[in-house]
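Have a look at protein-v7.cif below; it lists mmCIF, C-alpha atoms and all ligand atoms.
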```cif
data_coords
#
loop_
_atom_site.label_atom_id
_atom_site.label_comp_id
_atom_site.auth_asym_id
_atom_site.auth_seq_id
_atom_site.Cartn_x
_atom_site.Cartn_y
_atom_site.Cartn_z
CA MET P 12 0.00 0.00 0.00
CA THR P 13 1.13 3.54 -0.63
CA GLY P 14 1.12 6.30 2.02
CA ILE P 15 -2.04 8.04 3.15
CA ALA P 16 -2.88 11.32 1.41
CA ILE P 17 -5.55 13.88 2.29
CA ASN P 18 -6.63 16.02 -0.66
CA PRO P 19 -9.17 18.66 0.41
CA SER P 20 -11.79 19.67 -2.14
CA ILE P 21 -11.99 23.40 -2.70
CA LEU P 22 -15.62 22.93 -3.79
CA SER P 23 -16.47 23.79 -0.18
CA ALA P 24 -14.19 26.86 -0.15
CA ASP P 25 -15.22 30.49 -0.64
CA PHE P 26 -14.82 30.90 -4.43
CA SER P 27 -14.36 34.67 -4.09
CA ARG P 28 -11.13 34.13 -2.11
CA LEU P 29 -9.64 30.98 -3.61
CA ALA P 30 -5.96 31.79 -3.04
CA GLU P 31 -6.57 32.50 0.66
CA GLU P 32 -8.71 29.41 1.00
CA ILE P 33 -5.92 27.30 -0.49
CA ALA P 34 -3.44 28.85 1.95
CA ARG P 35 -5.63 27.62 4.84
CA ILE P 36 -5.03 23.97 3.87
CA ASP P 37 -1.24 23.91 3.77
CA THR P 38 -1.12 20.55 5.62
CA SER P 39 -2.80 18.90 2.61
CA ASP P 40 -1.05 16.50 0.25
CA ALA P 41 -2.71 17.97 -2.84
CA ILE P 42 -5.55 20.30 -3.80
CA HIS P 43 -8.63 18.51 -5.18
CA VAL P 44 -10.35 20.62 -7.83
CA ASP P 45 -13.86 19.65 -8.94
CA VAL P 46 -14.59 20.61 -12.54
CA MET P 47 -18.29 20.19 -13.42
CA ASP P 48 -19.98 20.98 -16.72
CA ASN P 49 -23.75 20.85 -15.95
CA HIS P 50 -24.06 17.86 -18.32
CA PHE P 51 -22.20 14.95 -16.74
CA VAL P 52 -23.46 16.21 -13.38
CA PRO P 53 -26.26 18.69 -12.60
CA ASN P 54 -23.89 21.38 -11.35
CA LEU P 55 -21.47 23.87 -12.90
CA THR P 56 -18.24 24.95 -11.21
CA MET P 57 -15.19 26.04 -13.16
CA GLY P 58 -13.13 25.28 -16.22
CA ALA P 59 -9.58 25.60 -17.49
CA PRO P 60 -9.20 29.40 -16.99
CA VAL P 61 -9.92 29.16 -13.26
CA VAL P 62 -7.77 26.03 -12.87
CA LYS P 63 -4.98 27.96 -14.58
CA ALA P 64 -5.34 30.73 -11.98
CA ILE P 65 -5.25 28.15 -9.17
CA ARG P 66 -2.10 26.67 -10.72
CA ALA P 67 -0.46 30.09 -10.51
CA ALA P 68 -1.61 30.54 -6.89
CA THR P 69 -0.09 27.37 -5.36
CA ASP P 70 2.88 25.02 -5.58
CA LYS P 71 0.81 22.18 -4.11
CA PRO P 72 0.09 19.30 -6.47
CA LEU P 73 -3.25 19.74 -8.25
CA ASP P 74 -5.62 16.76 -8.24
CA ILE P 75 -8.13 17.64 -10.94
CA HIS P 76 -11.44 15.75 -10.84
CA LEU P 77 -13.24 16.18 -14.14
CA MET P 78 -16.99 15.59 -13.95
CA ILE P 79 -17.52 16.49 -17.59
CA GLU P 80 -18.83 14.85 -20.75
CA ASP P 81 -16.45 14.10 -23.61
CA ALA P 82 -13.44 13.64 -21.35
CA ASP P 83 -11.36 12.39 -24.30
CA ARG P 84 -11.62 15.86 -25.84
CA TRP P 85 -11.09 18.04 -22.75
CA ALA P 86 -9.00 16.19 -20.18
CA PRO P 87 -5.61 16.62 -21.92
CA ASP P 88 -5.93 20.43 -21.60
CA TYR P 89 -5.66 20.07 -17.81
CA ALA P 90 -2.43 18.08 -18.11
CA ASP P 91 -1.09 20.80 -20.40
CA LEU P 92 -1.80 23.54 -17.87
CA GLY P 93 0.39 21.82 -15.31
CA ALA P 94 -1.86 19.64 -13.16
CA GLU P 95 0.04 16.78 -11.50
CA SER P 96 -2.98 14.43 -11.68
CA VAL P 97 -6.01 14.40 -13.96
CA THR P 98 -9.04 12.21 -13.19
CA PHE P 99 -11.63 11.51 -15.87
CA HIS P 100 -14.86 9.53 -15.42
CA VAL P 101 -14.96 6.21 -17.24
CA GLU P 102 -18.66 6.84 -17.92
CA ALA P 103 -17.65 9.92 -19.94
CA SER P 104 -14.73 8.46 -21.90
CA GLY P 105 -15.01 6.64 -25.21
CA ALA P 106 -11.43 5.34 -25.09
CA PRO P 107 -10.13 5.27 -21.51
CA ILE P 108 -6.85 3.50 -22.28
CA ARG P 109 -6.01 5.95 -25.03
CA LEU P 110 -6.94 8.87 -22.79
CA ALA P 111 -4.84 7.57 -19.87
CA ARG P 112 -1.85 7.24 -22.19
CA GLU P 113 -2.46 10.73 -23.55
CA LEU P 114 -2.49 12.22 -20.04
CA ARG P 115 0.75 10.47 -19.12
CA ALA P 116 2.36 11.56 -22.39
CA ARG P 117 1.53 15.16 -21.44
CA GLY P 118 3.22 14.78 -18.06
CA ALA P 119 0.28 14.19 -15.71
CA GLU P 120 -0.65 11.19 -13.66
CA ALA P 121 -3.66 9.43 -15.17
CA SER P 122 -6.61 8.65 -12.95
CA MET P 123 -10.00 7.12 -13.69
CA ALA P 124 -13.16 7.66 -11.65
CA LEU P 125 -16.19 5.41 -11.22
CA LYS P 126 -19.60 6.54 -10.01
CA PRO P 127 -21.03 4.52 -7.09
CA ALA P 128 -23.08 2.18 -9.31
CA THR P 129 -20.35 1.58 -11.93
CA PRO P 130 -18.68 -1.82 -11.41
CA ILE P 131 -14.89 -2.08 -11.29
CA GLU P 132 -14.74 -5.57 -12.80
CA PRO P 133 -14.76 -4.57 -16.51
CA TYR P 134 -11.66 -2.42 -15.88
CA MET P 135 -9.54 -4.83 -13.83
CA ASP P 136 -7.19 -5.59 -16.73
CA MET P 137 -6.46 -1.92 -17.50
CA LEU P 138 -5.51 -0.79 -13.98
CA THR P 139 -1.81 -0.76 -14.85
CA GLU P 140 -2.55 2.02 -17.37
CA LEU P 141 -3.48 4.22 -14.40
CA ASP P 142 -1.71 5.97 -11.55
CA MET P 143 -4.89 6.23 -9.50
CA VAL P 144 -8.46 4.92 -9.38
CA LEU P 145 -11.17 7.13 -7.83
CA LEU P 146 -14.17 5.36 -6.38
CA MET P 147 -16.94 7.89 -5.75
CA THR P 148 -18.59 7.43 -2.37
CA VAL P 149 -21.45 9.80 -3.24
CA GLU P 150 -23.22 10.45 -6.53
CA PRO P 151 -21.01 13.15 -8.06
CA GLY P 152 -22.23 16.72 -8.36
CA PHE P 153 -22.37 18.26 -4.91
CA GLY P 154 -20.43 18.57 -1.68
CA GLY P 155 -21.94 17.83 1.70
CA GLN P 156 -23.62 14.50 0.85
CA SER P 157 -23.55 11.38 3.03
CA PHE P 158 -20.91 8.67 2.51
CA LEU P 159 -22.33 5.63 0.70
CA ASP P 160 -21.37 2.49 2.62
CA VAL P 161 -22.66 0.45 -0.31
CA VAL P 162 -19.35 1.28 -2.08
CA LEU P 163 -17.16 -0.35 0.63
CA PRO P 164 -17.11 -3.85 -0.99
CA LYS P 165 -16.00 -2.28 -4.29
CA ILE P 166 -13.14 -0.53 -2.45
CA GLN P 167 -12.07 -3.92 -1.09
CA ARG P 168 -12.22 -5.57 -4.52
CA ALA P 169 -10.31 -2.70 -6.12
CA ARG P 170 -7.62 -2.88 -3.42
CA LYS P 171 -7.20 -6.60 -4.05
CA ALA P 172 -6.95 -6.06 -7.81
CA ILE P 173 -4.32 -3.35 -7.26
CA GLU P 174 -2.28 -5.64 -4.99
CA ASP P 175 -2.58 -8.45 -7.58
CA SER P 176 -1.37 -6.11 -10.34
CA GLY P 177 1.92 -5.54 -8.52
CA VAL P 178 1.83 -1.84 -9.48
CA PRO P 179 1.51 0.88 -6.80
CA ILE P 180 -1.76 2.41 -8.02
CA ALA P 181 -3.39 4.85 -5.59
CA LEU P 182 -6.99 4.25 -4.54
CA GLN P 183 -8.92 7.46 -3.90
CA VAL P 184 -12.35 7.91 -2.33
CA ASP P 185 -14.36 11.11 -2.72
CA GLY P 186 -17.65 12.08 -1.13
CA GLY P 187 -18.84 12.18 2.46
CA VAL P 188 -15.35 11.55 3.86
CA SER P 189 -15.15 12.81 7.45
CA ALA P 190 -13.85 11.82 10.88
CA ASP P 191 -16.91 9.54 11.09
CA THR P 192 -16.31 7.67 7.82
CA ILE P 193 -12.61 7.81 6.92
CA GLU P 194 -11.67 4.79 9.03
CA ARG P 195 -14.14 2.52 7.21
CA ALA P 196 -12.78 3.64 3.85
CA ALA P 197 -9.17 3.15 4.97
CA GLU P 198 -9.89 -0.31 6.37
CA ALA P 199 -11.48 -1.26 3.04
CA GLY P 200 -8.26 -0.25 1.25
CA ALA P 201 -8.47 3.40 0.19
CA ASP P 202 -5.28 5.44 0.64
CA VAL P 203 -6.11 8.85 -0.89
CA PHE P 204 -9.00 10.74 0.68
CA VAL P 205 -10.88 13.75 -0.65
CA ALA P 206 -12.74 15.80 1.93
CA GLY P 207 -14.57 19.03 1.20
CA SER P 208 -17.14 19.99 3.80
CA ALA P 209 -15.34 18.12 6.61
CA VAL P 210 -12.23 20.26 6.07
CA TYR P 211 -13.75 23.64 5.26
CA SER P 212 -16.44 23.49 7.97
CA ALA P 213 -13.72 23.05 10.60
CA ALA P 214 -12.56 26.06 12.62
CA ASP P 215 -8.97 25.08 11.75
CA PRO P 216 -8.94 23.32 8.35
CA ALA P 217 -5.19 22.55 8.50
CA LYS P 218 -5.67 20.77 11.83
CA ALA P 219 -8.74 18.90 10.52
CA ILE P 220 -6.58 17.52 7.69
CA ASP P 221 -3.95 16.26 10.16
CA GLU P 222 -6.66 14.60 12.24
CA LEU P 223 -8.16 12.86 9.20
CA ARG P 224 -4.70 11.64 8.16
CA GLU P 225 -4.04 10.21 11.61
CA LEU P 226 -7.40 8.40 11.69
CA ALA P 227 -6.72 6.88 8.26
CA ARG P 228 -3.17 5.83 9.21
CA THR P 229 -4.35 4.10 12.35
CA ALA P 230 -7.19 2.34 10.52
CA GLN P 231 -4.88 1.19 7.72
CA ARG P 232 -2.41 -0.50 10.11
C1 LIG P 301 -18.58 15.71 -5.44
C2 LIG P 301 -17.14 16.14 -5.52
C3 LIG P 301 -16.43 16.06 -4.23
C4 LIG P 301 -17.00 16.95 -3.16
C5 LIG P 301 -16.75 16.31 -1.84
O1 LIG P 301 -19.07 15.48 -6.72
O2 LIG P 301 -16.43 15.31 -6.43
O3 LIG P 301 -15.04 16.28 -4.39
O4 LIG P 301 -16.47 18.23 -3.13
O5 LIG P 301 -17.37 17.05 -0.86
P1 LIG P 301 -17.71 16.41 0.56
O6 LIG P 301 -16.42 16.00 1.19
O7 LIG P 301 -18.40 17.51 1.26
O8 LIG P 301 -18.59 15.21 0.30
ZN ZN P 302 -14.23 15.43 -6.42
#
```

Hey, can you dump this file as structure tokens for me?
Amino acid sequence: MTGIAINPSILSADFSRLAEEIARIDTSDAIHVDVMDNHFVPNLTMGAPVVKAIRAATDKPLDIHLMIEDADRWAPDYADLGAESVTFHVEASGAPIRLARELRARGAEASMALKPATPIEPYMDMLTELDMVLLMTVEPGFGGQSFLDVVLPKIQRARKAIEDSGVPIALQVDGGVSADTIERAAEAGADVFVAGSAVYSAADPAKAIDELRELARTAQR
């Protein structure tokens, strides 16, 4: 297993003060940026121009989560603007292996996301094309939803497939991750955790990140 990472989602930040909000989470491992297009999900957030501004505002690794249709067309742009990791949804990609290779060729880590009801089994043989798999633990589109325990068996199966592959692929969970749920996800095999509302609703977001990391580390042991 790889080390635990906590990647706060700035979806729960104050969008009018993004640079300051990013500075409040300096204990994070990366910044999770939710790009939504109002088609793949019923919500609209930001696109490449804003991500470019975020890139200029921080040296932290950017973990871009694209919840957009036609990922094959748009995802490579985010690698080009300097994101360390680009996640596309398999439900929105016509050629996920080609897209993963394209992202890596442009210097980003390639990551593939699955909605809660999308099975991992059809993709078991292509995991080695990826640096990370994201298993959504809420239906994508909004922050502040409840963690879906129904996804826990899929996390376990994905962890086993990653171990069997012999390649150190990260396993990210996103949605409803908090001090109440992170241990279950870590025990099931997740090692990268996105948390939006749990971090930004805390009085001290940087401290909340450290507490989440400690809970996950203890649960993983
Ligand atoms: C949901 C987004 C998440 C969201 C998580 O579609 O992908 O990253 O911001 O927010 P919380 O942690 O509040 O569930
Ligand atoms: Zn996300």

(request) Write out as a PyMOL selection string each polymer residue (protein, DNA or RNA) that has an atom no more than 10 Å from ligand LIG 301 (chain P), with all atoms listed in the file counted. (result) chain P and resi 18-24+43-47+52-54+75-78+124+126+145+147-158+184-189+204-212

(message) Using only C-alpha atoms and all ligand atoms, can you tell me which of P:Asp48, P:Glu225, P:Asp88, P:Asp74 comes closest to ligand ZN 302 (chain P)?
(response)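 Counting only C-alpha atoms and all ligand atoms, the residue closest to ligand ZN 302 (chain P) is P:Asp74.
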
(request) Choose the residue, out of P:Ile33, P:Ala199, P:Ala190, P:Ile79, that has the smallest atom-to-atom separation from ligand ZN 302 (chain P); count all atoms listed in the file. (result)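 Of all the options, P:Ile79 lies closest to ligand ZN 302 (chain P).
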
(message) Just to confirm, what's the straight-line distance from CA of Ile15 (chain P) to CA of Ile36 (chain P) in Å (one decimal)?
(response) 16.2 Å

(request) Using all atoms listed in the file, find the one residue out of P:Lys218, P:Arg232, P:His100, P:Arg66 that sits nearest to ligand ZN 302 (chain P). (result)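 Closest candidate: P:His100.
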
(message) What's the separation between CA of Leu110 (chain P) and CA of Leu55 (chain P), in Å to one decimal place?
(response)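 Calculated distance between CA of Leu110 (chain P) and CA of Leu55 (chain P) is 23.1 Å.
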
(request) Have a look at P:Gly200, P:Ala106, P:Leu125, P:Arg35 and name the one nearest to ligand ZN 302 (chain P); count all atoms listed in the file. (result)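 Among P:Gly200, P:Ala106, P:Leu125, P:Arg35, it is P:Leu125 that comes nearest to ligand ZN 302 (chain P).
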
(request) Grab the CA of Arg28 (chain P) to CA of Gly58 (chain P) distance for me, in Å with one decimal place. (result)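 Going from CA of Arg28 (chain P) over to CA of Gly58 (chain P), I get 16.8 Å.
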
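With distances taken over only C-alpha atoms and all ligand atoms, P:Leu73 is the one residue among P:Ala64, P:Leu73, P:Ala128, P:Leu163 lying closest to ligand ZN 302 (chain P).
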
(message) So that I can see what lies close to Arg224 (chain P), please list as a PyMOL selection string the residues with an atom at most 8 Å from it, counting only C-alpha atoms and leaving out residues fewer than 4 positions away in the same chain.
(response) chain P and resi 15-17+220+228

(request) Using all atoms listed in the file, pick whichever of P:Val61, P:Ala197, P:Met123, P:Ala172 has the shortest atom-to-atom distance to ligand ZN 302 (chain P). (result) P:Met123

(request) Write out as a ChimeraX atom specification the residues lying within 7 Å of Ala119 (chain P), counting only C-alpha atoms and excluding same-chain residues fewer than 4 positions away. (result) /P:90,94-97,114-115

Generate the coordinates of all heavy atoms for region 85-96 of chain P; report them as an mmCIF file, in the coordinates of the input.
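Saved file part-v9.cif follows:
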```cif
data_model
loop_
_atom_site.group_PDB
_atom_site.id
_atom_site.type_symbol
_atom_site.label_atom_id
_atom_site.label_comp_id
_atom_site.auth_asym_id
_atom_site.auth_seq_id
_atom_site.Cartn_x
_atom_site.Cartn_y
_atom_site.Cartn_z
ATOM 1 N N TRP P 85 -11.451 16.927 -23.634
ATOM 2 C CA TRP P 85 -11.090 18.040 -22.750
ATOM 3 C C TRP P 85 -10.020 17.743 -21.713
ATOM 4 O O TRP P 85 -9.307 18.645 -21.273
ATOM 5 C CB TRP P 85 -12.349 18.562 -22.026
ATOM 6 C CG TRP P 85 -13.400 19.054 -22.962
ATOM 7 C CD1 TRP P 85 -14.589 18.445 -23.247
ATOM 8 C CD2 TRP P 85 -13.339 20.228 -23.773
ATOM 9 N NE1 TRP P 85 -15.282 19.179 -24.174
ATOM 10 C CE2 TRP P 85 -14.530 20.278 -24.515
ATOM 11 C CE3 TRP P 85 -12.391 21.247 -23.940
ATOM 12 C CZ2 TRP P 85 -14.810 21.307 -25.413
ATOM 13 C CZ3 TRP P 85 -12.672 22.270 -24.832
ATOM 14 C CH2 TRP P 85 -13.866 22.286 -25.556
ATOM 15 N N ALA P 86 -9.907 16.503 -21.295
ATOM 16 C CA ALA P 86 -9.000 16.190 -20.180
ATOM 17 C C ALA P 86 -7.534 16.556 -20.471
ATOM 18 O O ALA P 86 -6.838 17.075 -19.585
ATOM 19 C CB ALA P 86 -9.128 14.722 -19.788
ATOM 20 N N PRO P 87 -7.033 16.306 -21.686
ATOM 21 C CA PRO P 87 -5.610 16.620 -21.920
ATOM 22 C C PRO P 87 -5.246 18.082 -21.674
ATOM 23 O O PRO P 87 -4.114 18.380 -21.282
ATOM 24 C CB PRO P 87 -5.398 16.208 -23.392
ATOM 25 C CG PRO P 87 -6.407 15.124 -23.606
ATOM 26 C CD PRO P 87 -7.624 15.581 -22.838
ATOM 27 N N ASP P 88 -6.197 19.000 -21.849
ATOM 28 C CA ASP P 88 -5.930 20.430 -21.600
ATOM 29 C C ASP P 88 -5.454 20.654 -20.161
ATOM 30 O O ASP P 88 -4.631 21.536 -19.896
ATOM 31 C CB ASP P 88 -7.184 21.270 -21.814
ATOM 32 C CG ASP P 88 -7.557 21.398 -23.290
ATOM 33 O OD1 ASP P 88 -6.794 20.899 -24.135
ATOM 34 O OD2 ASP P 88 -8.617 21.985 -23.566
ATOM 35 N N TYR P 89 -5.999 19.871 -19.223
ATOM 36 C CA TYR P 89 -5.660 20.070 -17.810
ATOM 37 C C TYR P 89 -4.261 19.542 -17.501
ATOM 38 O O TYR P 89 -3.584 20.064 -16.611
ATOM 39 C CB TYR P 89 -6.737 19.439 -16.912
ATOM 40 C CG TYR P 89 -8.047 20.179 -17.039
ATOM 41 C CD1 TYR P 89 -8.947 19.879 -18.057
ATOM 42 C CD2 TYR P 89 -8.352 21.216 -16.173
ATOM 43 C CE1 TYR P 89 -10.134 20.588 -18.213
ATOM 44 C CE2 TYR P 89 -9.536 21.930 -16.313
ATOM 45 C CZ TYR P 89 -10.420 21.616 -17.341
ATOM 46 O OH TYR P 89 -11.584 22.330 -17.485
ATOM 47 N N ALA P 90 -3.831 18.525 -18.236
ATOM 48 C CA ALA P 90 -2.430 18.080 -18.110
ATOM 49 C C ALA P 90 -1.520 19.176 -18.661
ATOM 50 O O ALA P 90 -0.501 19.522 -18.054
ATOM 51 C CB ALA P 90 -2.231 16.773 -18.875
ATOM 52 N N ASP P 91 -1.925 19.765 -19.766
ATOM 53 C CA ASP P 91 -1.090 20.800 -20.400
ATOM 54 C C ASP P 91 -0.931 22.036 -19.516
ATOM 55 O O ASP P 91 0.096 22.713 -19.582
ATOM 56 C CB ASP P 91 -1.712 21.234 -21.743
ATOM 57 C CG ASP P 91 -1.562 20.167 -22.811
ATOM 58 O OD1 ASP P 91 -0.765 19.227 -22.600
ATOM 59 O OD2 ASP P 91 -2.245 20.273 -23.844
ATOM 60 N N LEU P 92 -1.939 22.326 -18.694
ATOM 61 C CA LEU P 92 -1.800 23.540 -17.870
ATOM 62 C C LEU P 92 -1.067 23.280 -16.559
ATOM 63 O O LEU P 92 -0.986 24.140 -15.688
ATOM 64 C CB LEU P 92 -3.120 24.284 -17.697
ATOM 65 C CG LEU P 92 -4.308 23.658 -17.006
ATOM 66 C CD1 LEU P 92 -4.108 23.684 -15.509
ATOM 67 C CD2 LEU P 92 -5.572 24.404 -17.386
ATOM 68 N N GLY P 93 -0.536 22.068 -16.414
ATOM 69 C CA GLY P 93 0.390 21.820 -15.310
ATOM 70 C C GLY P 93 -0.171 21.083 -14.112
ATOM 71 O O GLY P 93 0.449 21.075 -13.049
ATOM 72 N N ALA P 94 -1.323 20.439 -14.269
ATOM 73 C CA ALA P 94 -1.860 19.640 -13.160
ATOM 74 C C ALA P 94 -1.036 18.367 -13.009
ATOM 75 O O ALA P 94 -0.680 17.731 -14.005
ATOM 76 C CB ALA P 94 -3.317 19.288 -13.412
ATOM 77 N N GLU P 95 -0.737 17.999 -11.762
ATOM 78 C CA GLU P 95 0.040 16.780 -11.500
ATOM 79 C C GLU P 95 -0.793 15.527 -11.756
ATOM 80 O O GLU P 95 -0.247 14.483 -12.124
ATOM 81 C CB GLU P 95 0.545 16.771 -10.051
ATOM 82 C CG GLU P 95 1.775 17.623 -9.814
ATOM 83 C CD GLU P 95 1.474 19.112 -9.745
ATOM 84 O OE1 GLU P 95 0.301 19.510 -9.859
ATOM 85 O OE2 GLU P 95 2.440 19.896 -9.588
ATOM 86 N N SER P 96 -2.111 15.598 -11.514
ATOM 87 C CA SER P 96 -2.980 14.430 -11.680
ATOM 88 C C SER P 96 -4.293 14.863 -12.314
ATOM 89 O O SER P 96 -4.876 15.868 -11.903
ATOM 90 C CB SER P 96 -3.240 13.785 -10.304
ATOM 91 O OG SER P 96 -4.204 12.751 -10.424
#
```
